[in-house]
Each structure stands twice: as C-alpha cells, then as structure tokens.
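Here is the structure we will look at.
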Amino acid sequence: MEIRENLKYLESHEWVEICGNVARIGITDYAQNELGDIVFVELPAVGESVVADKEFANVESVKAVSPVNSPVSGKIIAVNGALEDAPEMINDDAFDAWFVEVEITALSDKLLDAAAYEKICK
Amino acid sequence: MASYVPHTPADRAIMLEKIGVEKISDLFDVPKGCEADLRLEKGKSPLEVERLIAALGAKNKVFDTVFLGAGAYNHYIPPVVRELASREEFVTAYTPYQAEMSQGILQSIFEYQTAICNLTGMDASNASHYDGATATADGILMCMGNKSKAVVSDGLNPEYKRVIETYLVPHGIEVVYAPLRNGVTDEDALKELIDSEVGAVCIAQPNYFGLIEDAGKIGKIAHDGGAKFVMACYPVALGILRTPGECDADVATGEGQSLGLPLAFGGPYLGLLACKENMMRKLTGRIVGETVDHDGRTAYVLTLQAREQHIRREKSTSSICSNEALCALTSAIYLSATGKEGIKEVALQCASKAHYMAEEISRIKGFGLKYKGEFFNEFVTESDVDTSKIVDKLQKHGILAGLPLNGRDMLWCVTEMNTKAEIDNAVRILREEL
Amino acid sequence: MLIFDKSVEGRRAVTLPECDVKEYSFDKKYLRETPAVLPEVAEVDLVRHYIGLSRKCVGVDNVFYPLGSCTMKYNPKLNEVIARNPAFTNLHPLQPESTVQGALEVMYETQKILAEITGMDEISLEPAAGAHGEYTSLQIIRKYHLSRGDGKRNKIIVPDSAHGTNPASAAMCGFEIINVKSDKRGNVDIKALKESVGDDTAALMLTNPNTLGLLDEHILKITSVVHKAGGLVYYDGANLNAVMGVIRPGDLGFDVVHLNLHKTFSTPHGGGGPGSGAIGCKKKLVQFMPDPAVVRVRNRYRFAERENSIGKVKAFYGNFLVVLRAYAYLLTLGKEGIREASENAVLNANYLRVLLEPYFKTAYSRTCMHEFVLSLEKFHDETGVSAMDVAKALIDKGIHPPTMYFPLIVHEALMFEPTETESRETLEACRDVMREIYEEAKSNPDAVKACPASTPISRPDEVLAARKPKVRKQ
C-alpha cells in the first residue's frame, strides 16, 4: 500500500493535494484496494460547491457504492472527466487519478498527515 | 384437503428426533395469547377447486368482438408465443442471480432489451417494469434531478395520471397538466407552462383519445425550456409511427401488454422503460449486460447493479426488485414471431380497420368524430344517443363497445382482431337499433 | 447466438389474415423513417431458439432451490391450468362490472382469506410485487400521519438485517432512514430501538421472522415501543411462510403488512416476475389504501373509490392472474393446510440446519424458523474457499445455490430456505453434497474455486460488464 508524504488525508480515505488556494482530491491507494475493481465514478460538475467532510462523488464497484467526501470546502474548478470512461485508472494509480480540483474557501478541521493516516490503515 | 408437503408420519418422526424436539410446535416460540386459530374453511381437493373456480369463470362474460381499448388491447397472440413462454424452466425460476445457470433467461432479457431499443429508437432498456403507468412515473422521476415540476399532457390515460401523481407527490414534485386543444397537447399553452423548475415534459403517443401528437415539436419545446422529454408509447403503433428516438425523446415508456400478453383483467402486464445512452445509469430496475466468462465465451449478467436497492439501499432511486420478467420474455418471443415485417403489418391493419370503422360510424346520422386530427387505432365519437345505451345494446349482440367517456363521447378501439364483418355488424346496430 | 443473428430477410413465423378493408395510408410525416430491426425467423427456428434458451436455465421444476428469503416452493400445476382459463385471461379490465362478477368474486374472496391469515381488516391486491407493496404501505403511513396534522414524522426505522427494498421504498416516499442494530441473538436491540424512536418516528419496518430466519423474541415489546412513540409498525411479509396459521401479524400489533403471493402462496416467480405484493391494513388505515377497493353490495361485486386514498399505484387492479393462482392455492390448502405448510417449512429448515451443522457454522445457534444463515467466515479463513465458491460448487452438483452474502450483517453468509415442499431425501441429498464440497474445500480448494464446470459458461466477468456496459445488440 502506498501513502504519499506530501498529501493530507481524511479518515474516510480521501487524499488532498493543496497548491496555493487550489485543492486536488482523490481516493487513496488503500481505498481502491478495499473497493476492488472500480466500475464507475459519479462526478459533480464544474461550478458546483463542495463542503468539507461532506459527500461530493460516488465510486462504484460491482457490489458496492461508496461515497467520496471532500477534504475542503469551495467551488469545483475542474473535473477529471477521463475517470468516467476509464474508472480503472483509479485502481492503476489512485494518487494519479484525481477526481476534482477545488478553489478552497476552507479546509476540513479533520485533515490528517501521512503518518496519522497510515495508522488508520493498519 | 390437498397438500404439497411430501412427508409421511415416519419422515416427521425421524426429522424431529434428529432436531431434538418432540413435536413441531416445539420449534415455535409463540408469544402467549397470540396463537392463531384461522376462521377458514377446510381445504378442498384439486378437482373441487378446479370446478369451483370454473364456476366463477362462468360468471364472467367473454366477448367475441371487442372494441374496447383505453390502455389494454385485444391483439392476436400466436400459439407459439404462449407455448414457448410456458416452459417450466422459465416459469418456475427465480431472478437470474446465478448467471452460470441462468444464461437462458439472461439472454432472453438481453434480446428483449435489444428489441425494445430497436422498436423505440432508444439506446438502453431495463429488463421490465410493473406496467406502463409505473414505468412512466419512474421515467419522469429519472429526469427530475433537483427540479420541482413535471409537466404532463392532459392527453395521458387517466390511470397513468393518477399513478404519476402518487409517485411524484412524496418527492415534493408538482404535477402540472398541459391542456389539450382539438384533442392534442396545446403547444402554445405548453410553452407557457415551462420554466426553469420543470424537469420533464411527458406526453402519450398516440394519446388517450387515439390521436397522434406532434411529438417532435413537443420534444423541442421541452428541450428549449431545459426540460427532458418523456414519451409514453403504444408499442404496436411504433411498428409504423415515428419513434421516440426520432422525436428526440430522452425516455420512452409504454405498456407492453399489446406485445403478446392477454387482457387478463388488467394484469400481469409489462412496463416498458428505455432511455438515451446518457441516462442509462439513471434507469430504474434490472438491466442485463453482455460480457465474457473466464474462458472468453460470450456471457450475460445482471449489470449496473450498483444503481439498485440491494446495494444502494435508501440512496437508490427505486425499490423495484421483482419485475415482470416472464411478461418481458413473452413479448420478446412475440416480437421475434411477428418479426420486422409482421409488426408493421399488425400496426397497419389496426390503423386501416380503425379508419374504416371511424368513417362508417361518422356516416350514421347523429354520430360524428369528435376530433379532426390524425389517429392510430382509437378514436372518439360523439352522438346524442346515450353511451350507456350503446354499451347495453352492443352487449346484447356479444359485442364489447368502446369506453364511454361521458354521456355523449365514446372511445373506440379497433385492432387486427376485428374483421370487416364485425365492424359492419356493429355499425349496423348503431345505425338501425339505436 | 442471439435470435437477431439467426435472422434471414423475408422469413416469418406468423402470418395474419389478409386485411379485409382498404389499407390506410398515413402522411409520411407520421411514419418512422426505418423499420424496427426485429428478427425474421421461421417458426421452427423460433421454437428451437427458445427451447435452447430454456435448457440454459433452471427452475423449481428442475432442481432443489433453497434460495433464502425467496420461498421457492413447488408451484402446483393446478394453479397454472386455472390461470389459463379464457374466462379470466380474455377479460378486458374496463368491461362493465356486470360482466366480470366472477373475477371480482375471486378478488373479494382472496382478500377475505388473506385478511384472516394476517389478522388485518382489509387487503388490497393492487401492488405488483413485494417492493411495490412496501412502497404502497409507506405511502399509506405517510398519508395517515399527514391526515392527523402530524407533519414531522419523517423517519422510518429499519433493522440492519432488513432487505434493501425496505430503505429504498421508504426513501421513495420521502422518508429518512434510521438503522437500528441487532443484538447478539439476532433480535432487534431493544435499547437501541428505544433510543431511535421519538415524535419524528413514522414507522418501524420489520421482517418477522427476520432475515436471519429468527422469530424476534421481543416482538410484542417492539410493537409497543413504537406505538407508544406514536409510530406505526409495518410487517414485511417476505418471510410469512414461517408462521401462516401459527401467528398473525395483526395479533402482534402490526398495523400494515405486505405479502408476496409469488413466495408464500406458491405462484411461480417467472425468472424475476410477475409477482403480487398484496397489502393488508388495520381499520384506521383502510381509508388511505390504494384505489380501487373491491366491495360486495347485496351479492354483487363492484369497484369503489376510497375516501382518502393515496391514489393509484398501478393501472387497473394488480396482477390479477397471479392473484387467481394464489386463490386456487388457498382454497386447496384451507385452514389446516395453511398451517401445515408453515409447520413443515420450519421443520425442513431445522432438519437441514442440523444436518449441515457438523460441517458449516450457523450464524446464530438457535432454533430457526423457515430459513437459516450459515457463516463461512472462519471456513473461508481456513480454506480460502468463500461462500461464493461453495455456491458455485452446488451448481455443479445439481442444487440451486442459497442466497449469498445476505443479510449484510453476517460475513460470508449463505442463507438456506428449503420450503415445505421438499422431501426428507432431498434435504439429506443436500447434506451429502455440502459434505462433499466441505471435504473438497479442505483437500483441493482450487477445484472448488474453479466451479462451476457443468454450466454453459464459467464465472462471468462482471467488472467488464459494468465498466463497459453493453445492454443491447448494436
């Protein structure tokens, strides 16, 4: 299982990469491994708002649907549409397969660093 | 009394001993005072039951000639359809959860989905819905997103309207009816009703009065207003009429009973629900998909299951689980038996005979067609003769009349089952005896 | 090969009489541009195609089918013959009432018998399936509270062992769902229930016996806790086959119930439907039931509209031919036969449970009702063979697998429901087969994981099917 040092995490297995006031969000390698083969991603649209710790997307495996929570609040400025056609990208490299980019207005107060997140995955 | 329990007393004794209880009632932990004692008659032998129910059947009247439609249609059911659909392997199977031992049912549903897509011009069909009315209600719900109003043509079957209201109200969705002009949806009035809160516009094709709507135009009005477009269709008519696909509908629904299912006093029927590619994941109910097995052979499975209640639970858009699989199978066989040319011929015969009868009736003094617009195989007459008298008089001749809409108006239906002689006879009775 | 692939232009299976009136010619603007692509086949090829498909599936008439929660009992042939009578199949739903008195009497009498079996005051046969019955009942519950001006009751309590249809049906009626957990013995956790109810409780939905095959030991307590909070109690009748003629939901305090005529009352399931999800209500809810009611007035039967009905949930009057089959079944069994069916369903389940216990662990070690749940969690850890593998191995040995991975609260679950119509020999043969699989899992687990081998296909790639959905022939 891979955990990247430069990212922040939520306990519900999302990662966030913060660059200035823009956050790039995805699900972790641990999460993709638990879910198994991901068959579909339901993504929001550019312009919609997300709220920290609240659901903004869904990932589906054959037998389960899991909510994806946002580590930040703000407005969506980009969506990784490629995931809709090729959800297997998440299984191939979860940290490369980002879901959305958000213009941040606030951070979740529950963000974890890599070490704290790693403990959760044990 | 008959029983379908095979056990002899000796079997029961062996089983109880193995379980470690003395008698069957020891297996039940019934709360005190809650022991049931049913006030029912004792059981009857199969022969007695057969006779008793045959006697009830004899209290019904089956008409030789039927001119009644209004949502349920008397069409020819080729013997091969009933014979094949009554194969026990189809009839007594459960939902095909175990794909390896259910390829027959799964493939038949895949073929059904294909036939429905080809008939409607849509990209994806579910494996069936309860009936045309519930399919239409769910079809509208599929389009709603977060919007709060659905505009429904007043030309829908009243049964459908009532079901749609029941289904939409708990979601906080208002059902707004678009009025008719000359029996078809009033396009100007429709435009006025559409605002940014309208999620779907729904019409019936042909509509309740048998009239052909200008669906292409209505679809454009819906889309221009930012709403989706739902068409509730009579599938036999699609043998010749412009398809929902050609009219740019987002969702096509319909009552599949006319495709090989008997009238059966209203059920079981078959809800058709199909949509464009981009709405496939919003489709309610089961869907069968093609894939391969581990050895690379073509295989069929229930797919996109993550939409459904058993996985999504309260986040699912519908709770439908059991559907009308055997009815879907029956209609798939019907469509294959009738075939590409046959379905056109059925549709054309319905329309030709209906137009013949309409013309004949309108020649009777005091009778006339209520609407001028083009129709398929149903039409409304008006006359000074009380419609209930028409029903009674025709009934005496073994003819099931059209549906009285009120004292003056009657909705007639003609199908390929009606011969010219039957039509002429009915017209003669209207002319001479009323 | 699909029927479409067997199509040859110009072939037909069915011909109609020549049209005896002048062919009508529509203006082109009304007509479809291209004909619908449908198969063109001769009748014999059509027959062979569908007979071929029928051989690639199995029903209760083929094999033992202990699919938990689905009550796959034998479907008597008498009922099929009765349901083919043209005096019923050729009735138009909108015929004058005077010409359908026999059909109305069937509905009226069936309602009466089902009301007696459930202890309810009135039955509606309108819903088309179990989930549709749930949905209809929840609409009634919603309307009941609203009619009393009690607008804040927007929550439905559902145990964690419930069928997925329960929360989904409730959500369709605009309710929020509160999940309540089960205790160690598989009952509803009373303490958790008490904490969940309040002045926002619309109803509790309960399957009883529950989906673990257990009769809740505190059932009267449960109904009373919910009633005290002002909520209603809903009985999911999916498992009624365990208790017919033994207890009645109405006597236990339930206010509304749905039945699955295609499970409990022996009507065939048709590869997924049609079913019938009849519902029953106590007096205070009758006015809200769906339209129309079937009533008897001076020995004549007729349809009637109800005063405060939720409206219609389906066109016409429900799945009439399914109801007709159930009526034949009810008349055949009668008072003693109905009870006998449930008693023997429970006897068979317990017998099979005891036969399997030396090999596979039950999730809750208690006397079960009409079904029981095995947990293969430990077995899986030890052998690497999962519940799914065992299910697939059963296929090769001529038994339809039990329900897999349900209820969700049991890991590696296999839920067996043998039903009362299976003989002792069939149950013992099932034991023998399960023992063989058990032994093979220990000695040669890879062989079990490679099952099934006897079927037209091996395990299908469901991931591919969902990632690149192909839902019609293009």
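Naming scheme: A, B, ... for chains in displayed order of the structure tokens; residues 1 onward per chain; ligands 1 onward as shown.
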
Could the residues of chain B that have an atom at most 12 Å from chain A be listed as a tab-separated table, each with its closest atom pair and the distance in Å to one decimal, counting only C-alpha atoms and ordered by chain and ascending residue number?
```
residue	atom	partner	partner_atom	distance
B:Asn278	CA	A:Glu84	CA	11.8
B:Arg281	CA	A:Glu42	CA	9.8
B:Lys282	CA	A:Glu42	CA	11.3
B:Val301	CA	A:Val62	CA	11.5
B:Leu302	CA	A:Val62	CA	10.3
B:Thr303	CA	A:Val62	CA	8.1
B:Leu304	CA	A:Val62	CA	7.4
B:Gln305	CA	A:Val62	CA	6.9
B:Ala306	CA	A:Ala64	CA	6.0
B:Arg307	CA	A:Val65	CA	8.5
B:Glu308	CA	A:Val65	CA	10.1
B:Gln309	CA	A:Ala64	CA	11.0
B:His310	CA	A:Lys63	CA	9.2
B:Ile311	CA	A:Ala64	CA	5.9
B:Arg312	CA	A:Val65	CA	6.5
B:Arg313	CA	A:Val65	CA	9.9
B:Glu314	CA	A:Val65	CA	11.8
B:Lys315	CA	A:Val65	CA	9.7
B:Ser316	CA	A:Val65	CA	10.4
```

Output of the above residues as a PDB file, in the first residue's frame, restricted to N, CA, C and O atoms:
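Listed below is the output, out_7.pdb:
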```
ATOM      1  N   ASN B 278     -27.036   8.577 -22.428  1.00  0.00           N
ATOM      2  CA  ASN B 278     -26.524   9.404 -21.328  1.00  0.00           C
ATOM      3  C   ASN B 278     -27.361   9.288 -20.054  1.00  0.00           C
ATOM      4  O   ASN B 278     -26.991   9.816 -19.016  1.00  0.00           O
ATOM      5  N   ARG B 281     -27.480   5.147 -16.602  1.00  0.00           N
ATOM      6  CA  ARG B 281     -27.241   4.844 -15.192  1.00  0.00           C
ATOM      7  C   ARG B 281     -28.338   5.366 -14.278  1.00  0.00           C
ATOM      8  O   ARG B 281     -28.314   5.142 -13.081  1.00  0.00           O
ATOM      9  N   LYS B 282     -29.288   6.079 -14.843  1.00  0.00           N
ATOM     10  CA  LYS B 282     -30.433   6.525 -14.048  1.00  0.00           C
ATOM     11  C   LYS B 282     -31.630   5.583 -14.240  1.00  0.00           C
ATOM     12  O   LYS B 282     -32.650   5.728 -13.575  1.00  0.00           O
ATOM     13  N   VAL B 301     -25.092 -11.146 -17.898  1.00  0.00           N
ATOM     14  CA  VAL B 301     -25.186 -10.989 -16.438  1.00  0.00           C
ATOM     15  C   VAL B 301     -26.102  -9.808 -16.102  1.00  0.00           C
ATOM     16  O   VAL B 301     -26.306  -8.921 -16.933  1.00  0.00           O
ATOM     17  N   LEU B 302     -26.642  -9.828 -14.896  1.00  0.00           N
ATOM     18  CA  LEU B 302     -27.293  -8.625 -14.375  1.00  0.00           C
ATOM     19  C   LEU B 302     -26.180  -7.606 -14.170  1.00  0.00           C
ATOM     20  O   LEU B 302     -25.162  -7.929 -13.568  1.00  0.00           O
ATOM     21  N   THR B 303     -26.370  -6.399 -14.661  1.00  0.00           N
ATOM     22  CA  THR B 303     -25.265  -5.441 -14.560  1.00  0.00           C
ATOM     23  C   THR B 303     -25.738  -4.076 -14.084  1.00  0.00           C
ATOM     24  O   THR B 303     -26.944  -3.869 -13.896  1.00  0.00           O
ATOM     25  N   LEU B 304     -24.779  -3.175 -13.884  1.00  0.00           N
ATOM     26  CA  LEU B 304     -25.048  -1.849 -13.324  1.00  0.00           C
ATOM     27  C   LEU B 304     -25.865  -1.980 -12.040  1.00  0.00           C
ATOM     28  O   LEU B 304     -26.740  -1.180 -11.759  1.00  0.00           O
ATOM     29  N   GLN B 305     -25.545  -3.014 -11.274  1.00  0.00           N
ATOM     30  CA  GLN B 305     -26.350  -3.302 -10.085  1.00  0.00           C
ATOM     31  C   GLN B 305     -26.178  -2.268  -8.984  1.00  0.00           C
ATOM     32  O   GLN B 305     -27.010  -2.197  -8.088  1.00  0.00           O
ATOM     33  N   ALA B 306     -25.106  -1.503  -9.070  1.00  0.00           N
ATOM     34  CA  ALA B 306     -24.880  -0.511  -8.019  1.00  0.00           C
ATOM     35  C   ALA B 306     -25.976   0.551  -7.991  1.00  0.00           C
ATOM     36  O   ALA B 306     -26.099   1.304  -7.041  1.00  0.00           O
ATOM     37  N   ARG B 307     -26.830   0.611  -9.056  1.00  0.00           N
ATOM     38  CA  ARG B 307     -27.962   1.543  -9.028  1.00  0.00           C
ATOM     39  C   ARG B 307     -29.075   1.047  -8.116  1.00  0.00           C
ATOM     40  O   ARG B 307     -29.942   1.795  -7.703  1.00  0.00           O
ATOM     41  N   GLU B 308     -29.064  -0.255  -7.837  1.00  0.00           N
ATOM     42  CA  GLU B 308     -30.281  -0.891  -7.328  1.00  0.00           C
ATOM     43  C   GLU B 308     -30.359  -0.945  -5.812  1.00  0.00           C
ATOM     44  O   GLU B 308     -29.364  -0.800  -5.109  1.00  0.00           O
ATOM     45  N   GLN B 309     -31.589  -1.243  -5.344  1.00  0.00           N
ATOM     46  CA  GLN B 309     -31.892  -1.181  -3.922  1.00  0.00           C
ATOM     47  C   GLN B 309     -31.019  -2.103  -3.070  1.00  0.00           C
ATOM     48  O   GLN B 309     -30.670  -1.771  -1.961  1.00  0.00           O
ATOM     49  N   HIS B 310     -30.659  -3.284  -3.584  1.00  0.00           N
ATOM     50  CA  HIS B 310     -29.951  -4.218  -2.708  1.00  0.00           C
ATOM     51  C   HIS B 310     -28.526  -3.759  -2.431  1.00  0.00           C
ATOM     52  O   HIS B 310     -27.895  -4.245  -1.502  1.00  0.00           O
ATOM     53  N   ILE B 311     -28.038  -2.809  -3.220  1.00  0.00           N
ATOM     54  CA  ILE B 311     -26.718  -2.253  -2.941  1.00  0.00           C
ATOM     55  C   ILE B 311     -26.827  -0.817  -2.426  1.00  0.00           C
ATOM     56  O   ILE B 311     -26.274  -0.454  -1.407  1.00  0.00           O
ATOM     57  N   ARG B 312     -27.624  -0.008  -3.107  1.00  0.00           N
ATOM     58  CA  ARG B 312     -27.661   1.408  -2.762  1.00  0.00           C
ATOM     59  C   ARG B 312     -28.633   1.718  -1.628  1.00  0.00           C
ATOM     60  O   ARG B 312     -28.667   2.822  -1.112  1.00  0.00           O
ATOM     61  N   ARG B 313     -29.481   0.759  -1.292  1.00  0.00           N
ATOM     62  CA  ARG B 313     -30.475   0.894  -0.227  1.00  0.00           C
ATOM     63  C   ARG B 313     -31.200   2.240  -0.332  1.00  0.00           C
ATOM     64  O   ARG B 313     -31.786   2.528  -1.359  1.00  0.00           O
ATOM     65  N   GLU B 314     -31.167   3.079   0.746  1.00  0.00           N
ATOM     66  CA  GLU B 314     -32.009   4.281   0.716  1.00  0.00           C
ATOM     67  C   GLU B 314     -31.560   5.318  -0.322  1.00  0.00           C
ATOM     68  O   GLU B 314     -32.282   6.258  -0.614  1.00  0.00           O
ATOM     69  N   LYS B 315     -30.369   5.130  -0.886  1.00  0.00           N
ATOM     70  CA  LYS B 315     -29.933   6.088  -1.908  1.00  0.00           C
ATOM     71  C   LYS B 315     -30.363   5.672  -3.306  1.00  0.00           C
ATOM     72  O   LYS B 315     -30.116   6.363  -4.281  1.00  0.00           O
ATOM     73  N   SER B 316     -30.986   4.504  -3.402  1.00  0.00           N
ATOM     74  CA  SER B 316     -31.460   4.029  -4.693  1.00  0.00           C
ATOM     75  C   SER B 316     -32.644   4.885  -5.126  1.00  0.00           C
ATOM     76  O   SER B 316     -33.391   5.399  -4.303  1.00  0.00           O
TER      77      SER B 316
END
```

Give the helix (DSSP H, G or I) residues of stretch 230-369 of chain C, as DSSP finds them on the backbone, and put them as a VMD selection string. chain C and resid 237 to 242 249 to 252 283 to 286 320 to 356

Just list as a ChimeraX atom specification whatever in stretch 12-122 of chain A DSSP marks as strand (DSSP E). /A:14-19,22-27,38-42,49-50,55-61,65-69,72-79,100-107

Stretch 136-147 of chain B: which residues within 10 Å, counting only C-alpha atoms, same-chain residues fewer than 5 positions away excluded, as a PyMOL selection string? (chain B and resi 129+131+152+160-168+171-174+196-204+227-233+250-255+271-275+279-285+317-318) or (chain C and resi 313-314)

Taking 6 positions as the minimum chain separation for residues in the same chain, which residues sit within 7 Å of C:Glu417 when counting only C-alpha atoms? Answer as a PyMOL selection string. chain C and resi 66-69+71+349+370-372

What gap, in Å, lies between atom CA of C:Glu40 and atom CA of B:Asp123?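 Distance between the two atoms: 21.4 Å.
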
C:Thr332, C:Ser443, C:Thr367, C:Asn350 ranked by distance to B:Gly43, top pick (using only C-alpha atoms): C:Thr332

If we count only C-alpha atoms and set the cut-off at 8 Å, which residues sit around A:Glu101, ignoring sequence neighbours fewer than 2 positions away in its own chain? Please answer as a PyMOL selection string. chain A and resi 22-25+76-79+99+103

Export of the given selection (N, CA, C and O atoms) as a short mmCIF file (atom, residue, chain, number, x, y, z; two decimals), in the first residue's frame:
```cif
data_model
loop_
_atom_site.label_atom_id
_atom_site.label_comp_id
_atom_site.auth_asym_id
_atom_site.auth_seq_id
_atom_site.Cartn_x
_atom_site.Cartn_y
_atom_site.Cartn_z
N VAL A 22 -5.76 26.12 -4.41
CA VAL A 22 -6.43 25.05 -5.17
C VAL A 22 -6.13 23.68 -4.55
O VAL A 22 -4.98 23.38 -4.23
N ALA A 23 -7.19 22.90 -4.39
CA ALA A 23 -7.04 21.54 -3.84
C ALA A 23 -7.39 20.52 -4.92
O ALA A 23 -8.38 20.66 -5.62
N ARG A 24 -6.53 19.52 -5.02
CA ARG A 24 -6.80 18.41 -5.94
C ARG A 24 -7.14 17.21 -5.06
O ARG A 24 -6.44 16.92 -4.10
N ILE A 25 -8.25 16.52 -5.39
CA ILE A 25 -8.79 15.50 -4.48
C ILE A 25 -8.95 14.15 -5.18
O ILE A 25 -9.35 14.09 -6.34
N ILE A 76 -15.89 23.87 -7.32
CA ILE A 76 -15.17 22.99 -8.24
C ILE A 76 -14.75 23.77 -9.48
O ILE A 76 -15.59 24.40 -10.14
N ILE A 77 -13.45 23.71 -9.78
CA ILE A 77 -12.98 24.42 -10.98
C ILE A 77 -12.56 23.47 -12.09
O ILE A 77 -12.40 23.88 -13.23
N ALA A 78 -12.36 22.18 -11.75
CA ALA A 78 -12.02 21.20 -12.80
C ALA A 78 -12.48 19.81 -12.35
O ALA A 78 -12.50 19.52 -11.15
N VAL A 79 -12.86 19.01 -13.33
CA VAL A 79 -13.29 17.64 -13.06
C VAL A 79 -12.51 16.73 -13.98
O VAL A 79 -12.32 17.04 -15.15
N PHE A 99 -10.00 13.33 -8.81
CA PHE A 99 -11.43 13.44 -9.13
C PHE A 99 -11.79 14.88 -9.54
O PHE A 99 -12.35 15.10 -10.60
N GLU A 103 -11.43 25.29 -5.73
CA GLU A 103 -10.91 26.56 -5.24
C GLU A 103 -11.32 26.65 -3.77
O GLU A 103 -12.52 26.70 -3.46
#
```

For A:Glu48, the closest of A:Val102, A:Ala114, A:Val72, A:Ala94 counting only C-alpha atoms is A:Val102

Report the distance between atom CA of C:Lys284 and atom CA of C:Lys143 in Å, rounded to one decimal place.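 The value is 11.6 Å.
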
Find the residues near B:Tyr73: any atom within 10 Å, counting only C-alpha atoms, skip ones fewer than 2 places away on the same chain, and give them as a PDB file with C-alpha atoms, in the first residue's frame.
```pdb
ATOM      1  CA  VAL B  66     -64.029  -6.283 -28.662  1.00  0.00           C
ATOM      2  CA  PHE B  67     -63.939  -2.576 -29.494  1.00  0.00           C
ATOM      3  CA  LEU B  68     -62.601  -1.548 -26.099  1.00  0.00           C
ATOM      4  CA  GLY B  69     -59.009  -0.388 -25.631  1.00  0.00           C
ATOM      5  CA  ALA B  70     -58.102   2.614 -23.462  1.00  0.00           C
ATOM      6  CA  GLY B  71     -54.852   1.151 -22.163  1.00  0.00           C
ATOM      7  CA  HIS B  75     -54.349  -8.371 -30.111  1.00  0.00           C
ATOM      8  CA  TYR B  76     -53.627 -11.694 -31.724  1.00  0.00           C
ATOM      9  CA  TYR B 234     -48.297   2.161 -27.522  1.00  0.00           C
ATOM     10  CA  VAL B 236     -47.692  -1.780 -31.571  1.00  0.00           C
ATOM     11  CA  GLU B 255     -47.481  -0.643 -21.782  1.00  0.00           C
ATOM     12  CA  GLY B 256     -46.134  -3.849 -23.292  1.00  0.00           C
ATOM     13  CA  GLN B 257     -49.338  -5.858 -22.864  1.00  0.00           C
ATOM     14  CA  SER B 258     -50.143  -5.447 -26.546  1.00  0.00           C
ATOM     15  CA  LEU B 259     -46.997  -7.464 -27.382  1.00  0.00           C
ATOM     16  CA  LEU B 261     -49.926 -10.760 -23.358  1.00  0.00           C
ATOM     17  CA  PRO B 262     -53.596 -11.492 -22.723  1.00  0.00           C
ATOM     18  CA  LEU B 263     -56.015  -8.858 -21.412  1.00  0.00           C
ATOM     19  CA  CYS B 413     -60.536   0.770 -30.387  1.00  0.00           C
ATOM     20  CA  VAL B 414     -60.046  -1.464 -33.418  1.00  0.00           C
ATOM     21  CA  THR B 415     -57.263  -3.998 -33.850  1.00  0.00           C
TER      22      THR B 415
ATOM     23  CA  HIS C  92     -60.798  -6.610 -20.518  1.00  0.00           C
ATOM     24  CA  PRO C  93     -60.151  -4.589 -17.352  1.00  0.00           C
TER      25      PRO C  93
END
```

For B:Gly407, work out the shell of residues within 9 Å, counting only C-alpha atoms and skipping chain neighbours fewer than 4 positions away, then give it as a PDB file with N, CA, C and O atoms, in the first residue's frame.
```
ATOM      1  N   GLU B 382     -68.944  11.160 -31.074  1.00  0.00           N
ATOM      2  CA  GLU B 382     -69.952  11.817 -30.234  1.00  0.00           C
ATOM      3  C   GLU B 382     -71.317  11.634 -30.895  1.00  0.00           C
ATOM      4  O   GLU B 382     -71.429  11.544 -32.114  1.00  0.00           O
ATOM      5  N   SER B 383     -72.313  11.541 -30.037  1.00  0.00           N
ATOM      6  CA  SER B 383     -73.669  11.353 -30.577  1.00  0.00           C
ATOM      7  C   SER B 383     -74.683  11.725 -29.507  1.00  0.00           C
ATOM      8  O   SER B 383     -74.345  11.870 -28.325  1.00  0.00           O
ATOM      9  N   ASP B 384     -75.923  11.872 -29.940  1.00  0.00           N
ATOM     10  CA  ASP B 384     -76.994  12.166 -28.983  1.00  0.00           C
ATOM     11  C   ASP B 384     -77.473  10.910 -28.266  1.00  0.00           C
ATOM     12  O   ASP B 384     -78.160  10.992 -27.268  1.00  0.00           O
ATOM     13  N   VAL B 385     -77.101   9.759 -28.820  1.00  0.00           N
ATOM     14  CA  VAL B 385     -77.510   8.513 -28.166  1.00  0.00           C
ATOM     15  C   VAL B 385     -76.659   8.323 -26.914  1.00  0.00           C
ATOM     16  O   VAL B 385     -75.429   8.410 -26.969  1.00  0.00           O
ATOM     17  N   ASP B 386     -77.308   8.075 -25.815  1.00  0.00           N
ATOM     18  CA  ASP B 386     -76.587   7.908 -24.554  1.00  0.00           C
ATOM     19  C   ASP B 386     -75.580   6.751 -24.674  1.00  0.00           C
ATOM     20  O   ASP B 386     -75.942   5.657 -25.104  1.00  0.00           O
ATOM     21  N   THR B 387     -74.338   7.014 -24.305  1.00  0.00           N
ATOM     22  CA  THR B 387     -73.290   5.987 -24.482  1.00  0.00           C
ATOM     23  C   THR B 387     -73.588   4.715 -23.690  1.00  0.00           C
ATOM     24  O   THR B 387     -73.208   3.628 -24.121  1.00  0.00           O
ATOM     25  N   SER B 388     -74.261   4.849 -22.545  1.00  0.00           N
ATOM     26  CA  SER B 388     -74.551   3.628 -21.781  1.00  0.00           C
ATOM     27  C   SER B 388     -75.551   2.748 -22.546  1.00  0.00           C
ATOM     28  O   SER B 388     -75.512   1.517 -22.441  1.00  0.00           O
TER      29      SER B 388
END
```
